[in-house]
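Inspection log for the structure reproduced underneath, given as structure tokens.
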Amino acid sequence: DTDTIVRHGDHAVVISYDLPSTLDCNAVYQASVTMQNTGDVTWTRAGGFKLGTKDDEDPFFDKTRVWLSSTDSVPPMGEHTFEMALKAPGLPGDYVTDWQMVHEGVHWFGETASSMVRVSCEKPVDSSTLTRKVMAGYQGWFSAQGDGAGVGWRHWCSGGSPNADNITFDMWPDMREYSTEELFATSFKYRDGSNAGLYSAYTAKTVVRHVKWMKDYGIDGVFVQRFLVSIKDLRFLQIRDKVLNSIRHGAEQYGRVFANMYDISGANEKTLVQDLENDWKHLVDDEKITGSSRYLWHKGKPVLAIWGLGFKNHPGTPAQAAELISWFERDAPQKYRVTLMGGLPTHWRTLTGDSKEDTAWSDVYRSFDIISPWAVGRYGTPALADDYRQKNIEPDLKECRRLGIDYMPVIFPGFSWFNLHGGDLNQISRQGGRFFWRQAYNAVDSGNDMIYVAMFDEVDEGTAIYKIAENSSQVPTTGSFVTLDADGENLPSDWYLRLTGEASKMLRGEIGLTSTIPIEP
């Protein structure tokens with residue numbers, strides 16, 4: 001109990017810290033240490049109080065001190081969080097980073113925050129090309145009451161605290177690895193009576209954790225979703241910026257790649273062109289996102305995706321789309337130009353089905369540098385996936401090759417939106433991964449050299465590949481959820497991360513082309 005601490009002179013206790021346990025050689029990690037002043041002297045910059053690298057040396061930090069600002073004042077029993085960028089050494093090995101308070105010119109004092117860090121020099125993912133990559137979509141739109149974003153619960157439920165009556169997601173994430181500060185209390189309980197907390201993508205530590213999983217399982221990176229309709233609200237602009245930068249920090253730390261993807265669903269058609277151009281300028285000029293060593297480039301320019309142009313019931317005329325493509329690919333000042341990917345309707349090539357029918361769209365679609373037609377929900381069995389390959393993927397790829405355009409087919413593990421829209425629970429069965437693997441095989445066997453996986457974290461529609469609850473023992477006692485044993489097979493929570501990693505190996509030729517899953521659960 002801190003109230004019983006006898007304070008005299010200088011003293012400090014470690015409240016919490018965020019220090020790495022693994023890093024790639026030369027990777028940068030945004031670290032922090034929170035100290036509580038348990039002495040009887042107020043800490044100020046003028047007074048000489050700092051956080052220091054123990055013994056005045058640290059393999060990750062050469063400045064040796066992290067200062068308080070000139071306006072910081074930490075009174076007895078107060079707390080302060082020191083933040084610092086740690087850079088890993090260029091040689092592999094086990095290193096220690098440790099931190100302690102120092103009263104400059106007087107003494108070191110208090111508890112030490114310490115971490116053993118394993119540094120490895122595995123080659124990072126090549127950020128210069130999209131070729132031979134499997135990329136997932138990252139929604140990053142989950143928020144929680146108390147996460148600091150100020151918007152309450154979003155995408156977990158329709159209002160209030162998540163409970164069996166208001167949830168809007170069908171798959172419960174496997175929450176066992178998340179730390180206490182990453183969990184936000186819900187109205188759900190586990191079997192043992194404990195609260196079934198959920199995460200928020202506004203928590204940087206959580207998003208970086210997700211990027212670490214990408215490295216752990218050999219997934220190249222993600223397209224970070226950015227919803228044009230929401231960023232007109234400054235609160236959501238801040239959220240999307242933070243999520244994007246958290247992905248950036250994770251990618252820089254773990255050697256992954258990332259790119260921005262605009263989703264124009266629900267956007268204002270009247271201002272569509274200007275809104276997209278202005279926000280991209282914001283990301284380039286203010287957030288300096290393309291300055292990251294981990295931002296994905298292709299054919300000499302940063303990759304940018306726009307999802308939704310040409311879909312029925314989506315904003316955008318052919319003239320607007322043509323203007324956007326021209327600006328992003330050629331007309332913009334050099335620093336804003338990109339290799340532009342279109343997340344297009346399934347039937348872009350024939351102007352049927354989900355595509356708008358105006359013939360002007362035909363030339364618009366063929367003006368993108370990369371075409372990636374949406375496929376989620378368009379088929380639901382391996383046999384129908386084969387039919388989709390024959391009728392869509394193969395002729396699409398042939399047309400793109402004729403035009404000199406890159407083609408990136410979409411694959412997905414399954415689908416369910418019972419809680420969101422009242423559809424059937426487990427509407428498109430995952431079949432233990434065989435449905436997903438058949439699509440991956442079809443994509444590679446057809447001759448494609450890039451694949452988009454929908455999605456990394458989409459539990460609303462049941463397409464998530466990240467760690468998911470395995471069975472009823474890992475979900476709350478109330479509510480309807482699709483667990484990984486829904487089809488009668490016992491699977492580990494990381495099964496779809498493993499399958500995506502294997503698909504990446506197959507795409508790169510590191511394992512042989514195979515129509516059957518090459519690993520065991």
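To be explicit about the labels: the chains of the structure tokens are called A, B, and onward in the order shown, and within each one the residues are counted from 1, while ligands get numbers from 1 in the order they are shown.
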Might you pull out every residue within 12 Å of Gln238 of chain A, with only C-alpha atoms counted and same-chain residues fewer than 4 positions away left off, and present them as number ranges by chain? A: 148-151, 202, 226, 230-234, 242-245, 282-283, 287
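Neighbours of Phe82 of chain A closer than or equal to 9 Å, with only C-alpha atoms counted and sequence neighbours fewer than 6 positions away skipped, come out as Ala31, Ser32, Val33, Thr34, Met35, Lys50, Leu51, Val66, Trp67 and Leu68 of chain A.
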Those of segment 366-416 of chain A in DSSP strand (DSSP E or B), formatted as number ranges by chain: A: 370-373, 406-407, 410-411, 415
Emit the selected residues as a compact mmCIF listing (two decimals), in the first residue's frame, including C-alpha atoms.
# COMPACT_ATOMS: atom_id res chain seq x y z
CA ILE A 370 -3.02 -2.68 -59.48
CA ILE A 371 -6.47 -4.29 -59.51
CA SER A 372 -7.81 -6.23 -56.51
CA PRO A 373 -11.43 -7.38 -56.94
CA ASP A 406 -0.76 -6.02 -61.56
CA TYR A 407 -3.52 -8.24 -60.19
CA VAL A 410 -8.66 -11.61 -52.48
CA ILE A 411 -9.02 -14.74 -50.33
CA PHE A 415 -17.83 -15.55 -43.03
One decimal, Å: what's the distance from atom CA of Lys133 of chain A over to atom CA of Ile451 of chain A, could you say? 6.6 Å
All residues 6 Å or closer to segment 452-456 of chain A, only C-alpha atoms, same chain fewer than 5 positions away omitted, as JSON, numbers by chain: {"A": [134, 135, 136, 137, 138, 410, 411, 412, 463, 464, 465, 466]}
Would you mind exporting C-alpha atoms of the selected residues as a short mmCIF file (atom, residue, chain, number, x, y, z; two decimals), in the first residue's frame?
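File produced: part_2.cif:
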data_model
loop_
_atom_site.label_atom_id
_atom_site.label_comp_id
_atom_site.auth_asym_id
_atom_site.auth_seq_id
_atom_site.Cartn_x
_atom_site.Cartn_y
_atom_site.Cartn_z
CA VAL A 134 0.70 -11.92 -48.98
CA MET A 135 -0.86 -8.84 -47.39
CA ALA A 136 -3.83 -8.78 -45.01
CA GLY A 137 -6.35 -6.03 -44.45
CA TYR A 138 -6.26 -4.43 -40.98
CA VAL A 410 -8.66 -11.61 -52.48
CA ILE A 411 -9.02 -14.74 -50.33
CA PHE A 412 -10.86 -15.14 -47.01
CA THR A 463 -13.19 -13.20 -41.54
CA ALA A 464 -10.41 -12.65 -38.99
CA ILE A 465 -7.16 -14.63 -39.26
CA TYR A 466 -5.63 -13.47 -35.97
#
Separation of atom CA of His421 of chain A from atom CA of Ser194 of chain A, in Å and rounded to one decimal: 28.9 Å
Got a sec to tell me which of segment 289-476 of chain A DSSP assigns to alpha helix (DSSP H), as a PyMOL selection string? chain A and resi 318-326+360-365+382-388+394-403+418-421+434-445
When you count only C-alpha atoms, which of these residues is closest to Trp307 of chain A: A:Gly291, A:Gly342, A:Gly433, A:Gly377? A:Gly342
Closest of A:Gly380, A:Gly266, A:Pro409, A:Gly146 to Ile428 of chain A - atom-to-atom distances counting only C-alpha atoms: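 Among A:Gly380, A:Gly266, A:Pro409, A:Gly146, it is A:Gly380 that comes nearest to Ile428 of chain A.
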From the list A:Val482, A:Val444, A:Met175, A:Ile405, which residue is nearest Leu507 of chain A when using only C-alpha atoms?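 Residue with the minimum atom-to-atom distance to Leu507 of chain A: A:Val444.
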Write out as a list of chain:residue names the residues lying within 9 Å of Asp279 of chain A, counting only C-alpha atoms and excluding same-chain residues fewer than 5 positions away. A:Leu228, A:Ile231, A:Gln274, A:Val284
How would the residues just chosen look if you wrote them out with all heavy atoms as a PDB file, in the first residue's frame?
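File written: result-v3.pdb
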ATOM      1  N   LEU A 228     -13.003   7.030 -45.070  1.00  0.00           N
ATOM      2  CA  LEU A 228     -13.120   8.432 -45.445  1.00  0.00           C
ATOM      3  C   LEU A 228     -14.300   9.102 -44.758  1.00  0.00           C
ATOM      4  O   LEU A 228     -14.234  10.280 -44.392  1.00  0.00           O
ATOM      5  CB  LEU A 228     -13.241   8.554 -46.962  1.00  0.00           C
ATOM      6  CG  LEU A 228     -12.963   9.939 -47.558  1.00  0.00           C
ATOM      7  CD1 LEU A 228     -11.529  10.367 -47.286  1.00  0.00           C
ATOM      8  CD2 LEU A 228     -13.235   9.932 -49.060  1.00  0.00           C
ATOM      9  N   ILE A 231     -13.214  10.192 -40.979  1.00  0.00           N
ATOM     10  CA  ILE A 231     -12.114  11.099 -40.634  1.00  0.00           C
ATOM     11  C   ILE A 231     -12.473  12.566 -40.828  1.00  0.00           C
ATOM     12  O   ILE A 231     -11.654  13.439 -40.523  1.00  0.00           O
ATOM     13  CB  ILE A 231     -10.835  10.754 -41.423  1.00  0.00           C
ATOM     14  CG1 ILE A 231     -11.079  10.823 -42.931  1.00  0.00           C
ATOM     15  CG2 ILE A 231     -10.310   9.390 -41.016  1.00  0.00           C
ATOM     16  CD1 ILE A 231      -9.814  10.601 -43.747  1.00  0.00           C
ATOM     17  N   GLN A 274     -11.671  15.900 -53.368  1.00  0.00           N
ATOM     18  CA  GLN A 274     -10.900  16.791 -52.511  1.00  0.00           C
ATOM     19  C   GLN A 274     -10.595  16.167 -51.165  1.00  0.00           C
ATOM     20  O   GLN A 274      -9.493  16.336 -50.613  1.00  0.00           O
ATOM     21  CB  GLN A 274     -11.640  18.119 -52.314  1.00  0.00           C
ATOM     22  CG  GLN A 274     -10.730  19.274 -51.914  1.00  0.00           C
ATOM     23  CD  GLN A 274      -9.673  19.575 -52.962  1.00  0.00           C
ATOM     24  OE1 GLN A 274      -9.977  19.767 -54.129  1.00  0.00           O
ATOM     25  NE2 GLN A 274      -8.414  19.592 -52.552  1.00  0.00           N
ATOM     26  N   VAL A 284       1.074  12.401 -45.774  1.00  0.00           N
ATOM     27  CA  VAL A 284       2.438  12.576 -46.290  1.00  0.00           C
ATOM     28  C   VAL A 284       3.157  13.721 -45.584  1.00  0.00           C
ATOM     29  O   VAL A 284       4.309  13.580 -45.155  1.00  0.00           O
ATOM     30  CB  VAL A 284       2.409  12.814 -47.812  1.00  0.00           C
ATOM     31  CG1 VAL A 284       3.807  13.186 -48.324  1.00  0.00           C
ATOM     32  CG2 VAL A 284       1.889  11.577 -48.541  1.00  0.00           C
TER      33      VAL A 284
END
Counting only C-alpha atoms, which of A:Ser362, A:Ser416, A:Thr500, A:Asn163 gets nearest to Phe436 of chain A? A:Thr500
